[in-house]
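Participant: One file: input07.txt (compact mmCIF, N, CA and C atoms).
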# COMPACT_ATOMS: atom_id res chain seq x y z
N GLY A 1 90.15 -44.74 166.29
CA GLY A 1 91.17 -44.77 167.29
C GLY A 1 92.46 -44.12 166.81
N LYS A 2 93.52 -44.32 167.59
CA LYS A 2 94.82 -43.71 167.27
C LYS A 2 95.35 -44.17 165.92
N GLU A 3 95.10 -45.45 165.59
CA GLU A 3 95.57 -45.97 164.31
C GLU A 3 94.91 -45.25 163.14
N ASP A 4 93.59 -44.98 163.29
CA ASP A 4 92.87 -44.28 162.24
C ASP A 4 93.41 -42.87 162.04
N VAL A 5 93.65 -42.17 163.16
CA VAL A 5 94.19 -40.81 163.07
C VAL A 5 95.55 -40.85 162.40
N HIS A 6 96.39 -41.82 162.82
CA HIS A 6 97.72 -41.96 162.22
C HIS A 6 97.60 -42.21 160.72
N ALA A 7 96.72 -43.10 160.33
CA ALA A 7 96.52 -43.42 158.91
C ALA A 7 96.07 -42.17 158.14
N MET A 8 95.15 -41.40 158.73
CA MET A 8 94.67 -40.18 158.06
C MET A 8 95.80 -39.18 157.89
N MET A 9 96.63 -38.99 158.93
CA MET A 9 97.71 -38.02 158.85
C MET A 9 98.77 -38.46 157.85
N CYS A 10 99.01 -39.76 157.74
CA CYS A 10 99.95 -40.28 156.74
C CYS A 10 99.44 -39.97 155.33
N LEU A 11 98.15 -40.14 155.12
CA LEU A 11 97.57 -39.85 153.81
C LEU A 11 97.71 -38.36 153.47
N VAL A 12 97.40 -37.49 154.44
CA VAL A 12 97.52 -36.05 154.20
C VAL A 12 98.97 -35.69 153.90
N GLU A 13 99.91 -36.23 154.70
CA GLU A 13 101.32 -35.91 154.49
C GLU A 13 101.83 -36.42 153.14
N SER A 14 101.20 -37.44 152.60
CA SER A 14 101.63 -37.95 151.30
C SER A 14 100.99 -37.18 150.15
N GLY A 15 100.17 -36.17 150.47
CA GLY A 15 99.60 -35.31 149.44
C GLY A 15 98.12 -35.48 149.18
N GLU A 16 97.48 -36.40 149.88
CA GLU A 16 96.03 -36.62 149.72
C GLU A 16 95.29 -35.40 150.27
N MET A 17 94.27 -34.96 149.57
CA MET A 17 93.48 -33.82 150.03
C MET A 17 92.66 -34.20 151.27
N PRO A 18 92.62 -33.31 152.26
CA PRO A 18 91.87 -33.59 153.49
C PRO A 18 90.42 -34.02 153.24
N LYS A 19 89.78 -33.42 152.24
CA LYS A 19 88.38 -33.79 151.94
C LYS A 19 88.29 -35.26 151.56
N ASN A 20 89.22 -35.74 150.73
CA ASN A 20 89.22 -37.14 150.31
C ASN A 20 89.52 -38.07 151.48
N VAL A 21 90.45 -37.66 152.34
CA VAL A 21 90.79 -38.46 153.53
C VAL A 21 89.56 -38.59 154.43
N ALA A 22 88.84 -37.48 154.61
CA ALA A 22 87.63 -37.48 155.45
C ALA A 22 86.60 -38.46 154.89
N GLU A 23 86.38 -38.42 153.58
CA GLU A 23 85.39 -39.31 152.96
C GLU A 23 85.79 -40.78 153.13
N LYS A 24 87.07 -41.08 152.95
CA LYS A 24 87.56 -42.47 153.08
C LYS A 24 87.39 -43.01 154.50
N HIS A 25 87.52 -42.12 155.49
CA HIS A 25 87.48 -42.56 156.89
C HIS A 25 86.16 -42.27 157.59
N GLY A 26 85.20 -41.71 156.85
CA GLY A 26 83.88 -41.47 157.42
C GLY A 26 83.83 -40.41 158.50
N VAL A 27 84.69 -39.39 158.37
CA VAL A 27 84.67 -38.27 159.32
C VAL A 27 84.50 -36.98 158.53
N SER A 28 84.24 -35.89 159.24
CA SER A 28 84.08 -34.61 158.55
C SER A 28 85.44 -34.05 158.14
N THR A 29 85.42 -33.21 157.12
CA THR A 29 86.65 -32.54 156.69
C THR A 29 87.19 -31.68 157.82
N ALA A 30 86.29 -31.04 158.57
CA ALA A 30 86.71 -30.21 159.71
C ALA A 30 87.49 -31.04 160.73
N MET A 31 87.07 -32.29 160.94
CA MET A 31 87.76 -33.16 161.89
C MET A 31 89.17 -33.48 161.40
N VAL A 32 89.31 -33.72 160.09
CA VAL A 32 90.65 -33.99 159.54
C VAL A 32 91.55 -32.77 159.77
N TYR A 33 91.03 -31.57 159.51
CA TYR A 33 91.82 -30.36 159.74
C TYR A 33 92.17 -30.20 161.22
N GLU A 34 91.24 -30.56 162.10
CA GLU A 34 91.51 -30.50 163.54
C GLU A 34 92.64 -31.47 163.91
N TYR A 35 92.60 -32.69 163.38
CA TYR A 35 93.68 -33.65 163.62
C TYR A 35 95.01 -33.11 163.08
N MET A 36 94.95 -32.49 161.91
CA MET A 36 96.17 -31.91 161.32
C MET A 36 96.75 -30.85 162.24
N ARG A 37 95.87 -30.00 162.79
CA ARG A 37 96.32 -28.95 163.70
C ARG A 37 96.96 -29.56 164.95
N ARG A 38 96.28 -30.54 165.53
CA ARG A 38 96.78 -31.18 166.76
C ARG A 38 98.11 -31.89 166.56
N HIS A 39 98.28 -32.49 165.39
CA HIS A 39 99.48 -33.29 165.12
C HIS A 39 100.52 -32.53 164.29
N LEU A 40 100.29 -31.21 164.14
CA LEU A 40 101.23 -30.34 163.43
C LEU A 40 101.54 -30.84 162.01
N VAL A 41 100.51 -31.28 161.33
CA VAL A 41 100.66 -31.74 159.95
C VAL A 41 100.30 -30.59 159.02
N ALA A 42 101.23 -30.24 158.13
CA ALA A 42 101.01 -29.13 157.22
C ALA A 42 99.97 -29.48 156.16
N SER A 43 99.31 -28.46 155.67
CA SER A 43 98.35 -28.64 154.59
C SER A 43 99.07 -29.11 153.34
N PRO A 44 98.43 -29.95 152.54
CA PRO A 44 99.06 -30.41 151.31
C PRO A 44 99.13 -29.34 150.23
N PHE A 45 98.43 -28.22 150.44
CA PHE A 45 98.45 -27.15 149.45
C PHE A 45 99.81 -26.47 149.49
N ARG A 46 100.52 -26.52 148.37
CA ARG A 46 101.86 -25.94 148.32
C ARG A 46 101.75 -24.47 147.95
N THR A 47 102.12 -23.60 148.86
CA THR A 47 102.17 -22.18 148.55
C THR A 47 103.62 -21.74 148.64
N VAL A 48 103.94 -20.71 147.91
CA VAL A 48 105.30 -20.19 147.93
C VAL A 48 105.70 -19.81 149.34
N ALA A 49 104.77 -19.16 150.05
CA ALA A 49 105.09 -18.71 151.41
C ALA A 49 105.47 -19.89 152.29
N ARG A 50 104.77 -21.02 152.14
CA ARG A 50 105.08 -22.20 152.96
C ARG A 50 106.35 -22.90 152.49
N VAL A 51 106.53 -22.95 151.18
CA VAL A 51 107.64 -23.74 150.62
C VAL A 51 108.97 -23.03 150.79
N VAL A 52 109.03 -21.74 150.47
CA VAL A 52 110.33 -21.07 150.48
C VAL A 52 110.29 -19.67 151.08
N GLY A 53 109.22 -18.95 150.96
CA GLY A 53 109.14 -17.59 151.49
C GLY A 53 109.19 -16.56 150.37
N ASP A 54 108.39 -15.52 150.52
CA ASP A 54 108.31 -14.46 149.51
C ASP A 54 109.65 -13.74 149.33
N GLU A 55 110.42 -13.58 150.42
CA GLU A 55 111.68 -12.85 150.34
C GLU A 55 112.65 -13.54 149.39
N ILE A 56 112.73 -14.86 149.50
CA ILE A 56 113.65 -15.64 148.65
C ILE A 56 113.22 -15.53 147.19
N VAL A 57 111.92 -15.63 146.94
CA VAL A 57 111.41 -15.52 145.56
C VAL A 57 111.78 -14.15 144.99
N ALA A 58 111.58 -13.09 145.78
CA ALA A 58 111.91 -11.74 145.32
C ALA A 58 113.40 -11.63 145.01
N GLU A 59 114.25 -12.15 145.89
CA GLU A 59 115.71 -12.10 145.67
C GLU A 59 116.08 -12.81 144.37
N GLU A 60 115.53 -14.00 144.16
CA GLU A 60 115.87 -14.78 142.97
C GLU A 60 115.39 -14.08 141.70
N TYR A 61 114.20 -13.48 141.77
CA TYR A 61 113.66 -12.79 140.60
C TYR A 61 114.49 -11.54 140.29
N LEU A 62 114.82 -10.77 141.33
CA LEU A 62 115.61 -9.55 141.13
C LEU A 62 117.04 -9.89 140.68
N ARG A 63 117.52 -11.06 141.04
CA ARG A 63 118.84 -11.53 140.60
C ARG A 63 118.83 -11.85 139.10
N GLY A 64 117.63 -12.06 138.55
CA GLY A 64 117.53 -12.32 137.12
C GLY A 64 116.88 -13.64 136.76
N ASP A 65 116.54 -14.47 137.74
CA ASP A 65 115.89 -15.74 137.45
C ASP A 65 114.51 -15.48 136.85
N LYS A 66 114.12 -16.32 135.90
CA LYS A 66 112.79 -16.20 135.28
C LYS A 66 111.74 -16.77 136.22
N MET A 67 110.52 -16.22 136.12
CA MET A 67 109.42 -16.71 136.96
C MET A 67 109.20 -18.20 136.75
N THR A 68 109.27 -18.66 135.50
CA THR A 68 109.04 -20.08 135.23
C THR A 68 110.10 -20.95 135.88
N GLU A 69 111.36 -20.45 135.91
CA GLU A 69 112.44 -21.21 136.57
C GLU A 69 112.18 -21.33 138.07
N ILE A 70 111.77 -20.20 138.66
CA ILE A 70 111.51 -20.20 140.11
C ILE A 70 110.35 -21.13 140.43
N ALA A 71 109.29 -21.05 139.63
CA ALA A 71 108.11 -21.90 139.85
C ALA A 71 108.49 -23.38 139.75
N ARG A 72 109.28 -23.72 138.74
CA ARG A 72 109.71 -25.11 138.55
C ARG A 72 110.58 -25.56 139.73
N ARG A 73 111.49 -24.69 140.16
CA ARG A 73 112.41 -25.01 141.25
C ARG A 73 111.65 -25.41 142.52
N TYR A 74 110.56 -24.68 142.82
CA TYR A 74 109.83 -24.93 144.07
C TYR A 74 108.54 -25.70 143.87
N LYS A 75 108.31 -26.18 142.63
CA LYS A 75 107.14 -27.00 142.32
C LYS A 75 105.83 -26.28 142.67
N VAL A 76 105.75 -25.01 142.26
CA VAL A 76 104.52 -24.23 142.42
C VAL A 76 104.15 -23.67 141.05
N SER A 77 102.96 -23.10 140.95
CA SER A 77 102.51 -22.54 139.67
C SER A 77 103.15 -21.18 139.40
N ASN A 78 103.15 -20.79 138.12
CA ASN A 78 103.64 -19.45 137.77
C ASN A 78 102.81 -18.38 138.46
N SER A 79 101.50 -18.61 138.55
CA SER A 79 100.64 -17.60 139.20
C SER A 79 100.98 -17.47 140.69
N ALA A 80 101.46 -18.54 141.31
CA ALA A 80 101.89 -18.45 142.71
C ALA A 80 103.10 -17.54 142.83
N ILE A 81 103.98 -17.59 141.84
CA ILE A 81 105.16 -16.71 141.84
C ILE A 81 104.73 -15.27 141.63
N VAL A 82 103.79 -15.04 140.71
CA VAL A 82 103.27 -13.69 140.48
C VAL A 82 102.68 -13.13 141.77
N ARG A 83 101.87 -13.92 142.47
CA ARG A 83 101.28 -13.46 143.74
C ARG A 83 102.36 -13.16 144.77
N SER A 84 103.38 -13.99 144.83
CA SER A 84 104.48 -13.78 145.77
C SER A 84 105.20 -12.47 145.48
N LEU A 85 105.49 -12.22 144.21
CA LEU A 85 106.17 -10.97 143.83
C LEU A 85 105.28 -9.76 144.13
N THR A 86 103.98 -9.91 143.92
CA THR A 86 103.04 -8.82 144.23
C THR A 86 103.05 -8.53 145.73
N ARG A 87 103.03 -9.58 146.55
CA ARG A 87 103.08 -9.37 148.01
C ARG A 87 104.36 -8.67 148.43
N SER A 88 105.45 -8.90 147.69
CA SER A 88 106.74 -8.28 148.01
C SER A 88 106.93 -6.94 147.30
N ASN A 89 105.89 -6.47 146.60
CA ASN A 89 105.96 -5.21 145.86
C ASN A 89 107.11 -5.17 144.86
N VAL A 90 107.36 -6.30 144.20
CA VAL A 90 108.40 -6.38 143.19
C VAL A 90 107.76 -6.15 141.83
N GLU A 91 108.30 -5.17 141.09
CA GLU A 91 107.79 -4.88 139.76
C GLU A 91 108.28 -5.94 138.79
N ARG A 92 107.36 -6.45 137.99
CA ARG A 92 107.73 -7.51 137.04
C ARG A 92 108.44 -6.94 135.83
N ARG A 93 109.37 -7.72 135.29
CA ARG A 93 110.09 -7.33 134.08
C ARG A 93 109.19 -7.52 132.87
N PRO A 94 109.41 -6.72 131.82
CA PRO A 94 108.69 -6.99 130.57
C PRO A 94 109.10 -8.37 130.07
N ARG A 95 108.20 -9.06 129.39
CA ARG A 95 108.49 -10.42 128.93
C ARG A 95 109.74 -10.52 128.06
N ASP A 96 109.98 -9.49 127.24
CA ASP A 96 111.11 -9.58 126.31
C ASP A 96 112.39 -8.95 126.87
N ALA A 97 112.38 -8.54 128.12
CA ALA A 97 113.58 -7.93 128.70
C ALA A 97 114.68 -8.97 128.79
N SER A 98 115.88 -8.54 128.43
CA SER A 98 116.98 -9.49 128.60
C SER A 98 117.21 -9.60 130.10
N VAL A 99 117.27 -10.82 130.57
CA VAL A 99 117.28 -11.09 132.00
C VAL A 99 118.44 -10.38 132.68
N GLY A 100 118.12 -9.59 133.71
CA GLY A 100 119.15 -8.93 134.51
C GLY A 100 119.71 -7.66 133.89
N LYS A 101 119.29 -7.32 132.66
CA LYS A 101 119.83 -6.14 131.99
C LYS A 101 118.72 -5.37 131.30
N GLN A 102 118.89 -4.05 131.24
CA GLN A 102 117.97 -3.21 130.49
C GLN A 102 118.78 -2.10 129.84
N ILE A 103 118.29 -1.58 128.72
CA ILE A 103 118.96 -0.48 128.04
C ILE A 103 118.17 0.78 128.30
N VAL A 104 118.84 1.81 128.84
CA VAL A 104 118.21 3.09 129.14
C VAL A 104 119.03 4.16 128.43
N ASP A 105 118.40 4.92 127.54
CA ASP A 105 119.09 5.96 126.76
C ASP A 105 120.35 5.44 126.09
N GLY A 106 120.27 4.25 125.53
CA GLY A 106 121.39 3.67 124.81
C GLY A 106 122.48 3.07 125.69
N VAL A 107 122.33 3.15 127.01
CA VAL A 107 123.34 2.62 127.93
C VAL A 107 122.79 1.35 128.58
N VAL A 108 123.59 0.29 128.55
CA VAL A 108 123.17 -0.97 129.17
C VAL A 108 123.28 -0.83 130.68
N HIS A 109 122.22 -1.17 131.37
CA HIS A 109 122.18 -1.14 132.84
C HIS A 109 121.96 -2.55 133.34
N ARG A 110 122.45 -2.84 134.52
CA ARG A 110 122.16 -4.13 135.15
C ARG A 110 121.21 -3.87 136.32
N ILE A 111 120.49 -4.89 136.68
CA ILE A 111 119.58 -4.79 137.83
C ILE A 111 120.35 -5.23 139.06
N CYS A 112 120.45 -4.34 140.05
CA CYS A 112 121.15 -4.67 141.29
C CYS A 112 120.41 -5.80 142.00
N SER A 113 121.13 -6.86 142.34
CA SER A 113 120.48 -8.00 142.99
C SER A 113 120.08 -7.68 144.42
N ALA A 114 120.70 -6.67 145.03
CA ALA A 114 120.38 -6.32 146.42
C ALA A 114 119.14 -5.45 146.52
N CYS A 115 119.05 -4.43 145.63
CA CYS A 115 117.93 -3.49 145.79
C CYS A 115 116.99 -3.46 144.59
N GLY A 116 117.41 -4.04 143.46
CA GLY A 116 116.55 -4.06 142.28
C GLY A 116 116.63 -2.82 141.42
N LYS A 117 117.49 -1.84 141.79
CA LYS A 117 117.62 -0.61 141.00
C LYS A 117 118.48 -0.86 139.77
N LEU A 118 118.26 -0.02 138.75
CA LEU A 118 119.08 -0.10 137.54
C LEU A 118 120.38 0.66 137.76
N LEU A 119 121.50 0.01 137.45
CA LEU A 119 122.81 0.63 137.59
C LEU A 119 123.53 0.55 136.25
N PRO A 120 124.16 1.66 135.80
CA PRO A 120 124.88 1.60 134.52
C PRO A 120 126.02 0.59 134.60
N MET A 121 126.27 -0.11 133.49
CA MET A 121 127.35 -1.11 133.48
C MET A 121 128.64 -0.48 132.98
Using structure tokens, write down the structure that the file contains.
Facilitator:
Amino acid sequence: GKEDVHAMMCLVESGEMPKNVAEKHGVSTAMVYEYMRRHLVASPFRTVARVVGDEIVAEEYLRGDKMTEIARRYKVSNSAIVRSLTRSNVERRPRDASVGKQIVDGVVHRICSACGKLLPM
């Protein structure tokens, strides 16, 4: 009944996987997803796109934030940040690059936070 559906949606919203909710309530996983769709309940899987958006991740990375910092901030994996940057066609910095700065022909350049281009300092 309605109480069961409500209980299932509460479990999903608290982070329980739909498959586990289905097993506990004796319904199919597909039915749990159908209830989620009907009741506008988001999937418990945290993706960057759902949590914050690829554009924001790209801006923060180009501004100089480290991938690990961004991942920690939004409670997603580092690989989720890598995929987000790939979707946004953002070139990754070398691991040892000083954040936000690079040296080109002996001249220190900064990375423009707006466009990501190297500009002499």
Participant: Taking the DSSP secondary structure from the backbone, can you list the residues of range 5-108 of chain A that are strand (DSSP E), as a ChimeraX atom specification?
Facilitator: /A:101-104,107-108
Participant: Report the distance between atom N of Ala71 in chain A and CA of Ser88 in chain A in Å, rounded to one decimal place.
Facilitator: 15.5 Å
Participant: For a quick check of understanding, using all atoms listed in the file, which of A:Val12, A:Arg92, A:Leu62, A:Arg38 has the smallest distance to Lys117 in chain A?
Facilitator: A:Leu62
Participant: Please compute the atom C of Ala30 in chain A-atom N of Gly15 in chain A distance, one decimal, in Å.
Facilitator: 17.1 Å
Participant: Closest to Asp54 in chain A among A:Ser77, A:Tyr33, A:Cys10, A:Arg83, using all atoms listed in the file?
Facilitator: A:Arg83
Participant: Neighbours of range 78-82 of chain A within 6.5 Å (all atoms listed in the file; same-chain residues fewer than 6 positions away dropped), as a PyMOL selection string?
Facilitator: chain A and resi 48+67-68+71
Participant: Could you work out how far CA of Val51 in chain A lies from CA of Met36 in chain A, giving the answer in Å with one decimal?
Facilitator: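 Taking CA of Met36 in chain A as the start and CA of Val51 in chain A as the end point, the length is 17.7 Å.
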Participant: Rank A:Val108, A:Leu118, A:Met9, A:Ala58 by their smallest atom-to-atom distance to Val21 in chain A, using only C-alpha atoms, and report the top residue only.
Facilitator: A:Met9
Participant: Restricting the calculation to only C-alpha atoms, which member of A:Met17, A:Leu85, A:Val57, A:Leu119 is positioned closest to Arg72 in chain A?
Facilitator: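 Among A:Met17, A:Leu85, A:Val57, A:Leu119, it is A:Val57 that comes nearest to Arg72 in chain A.
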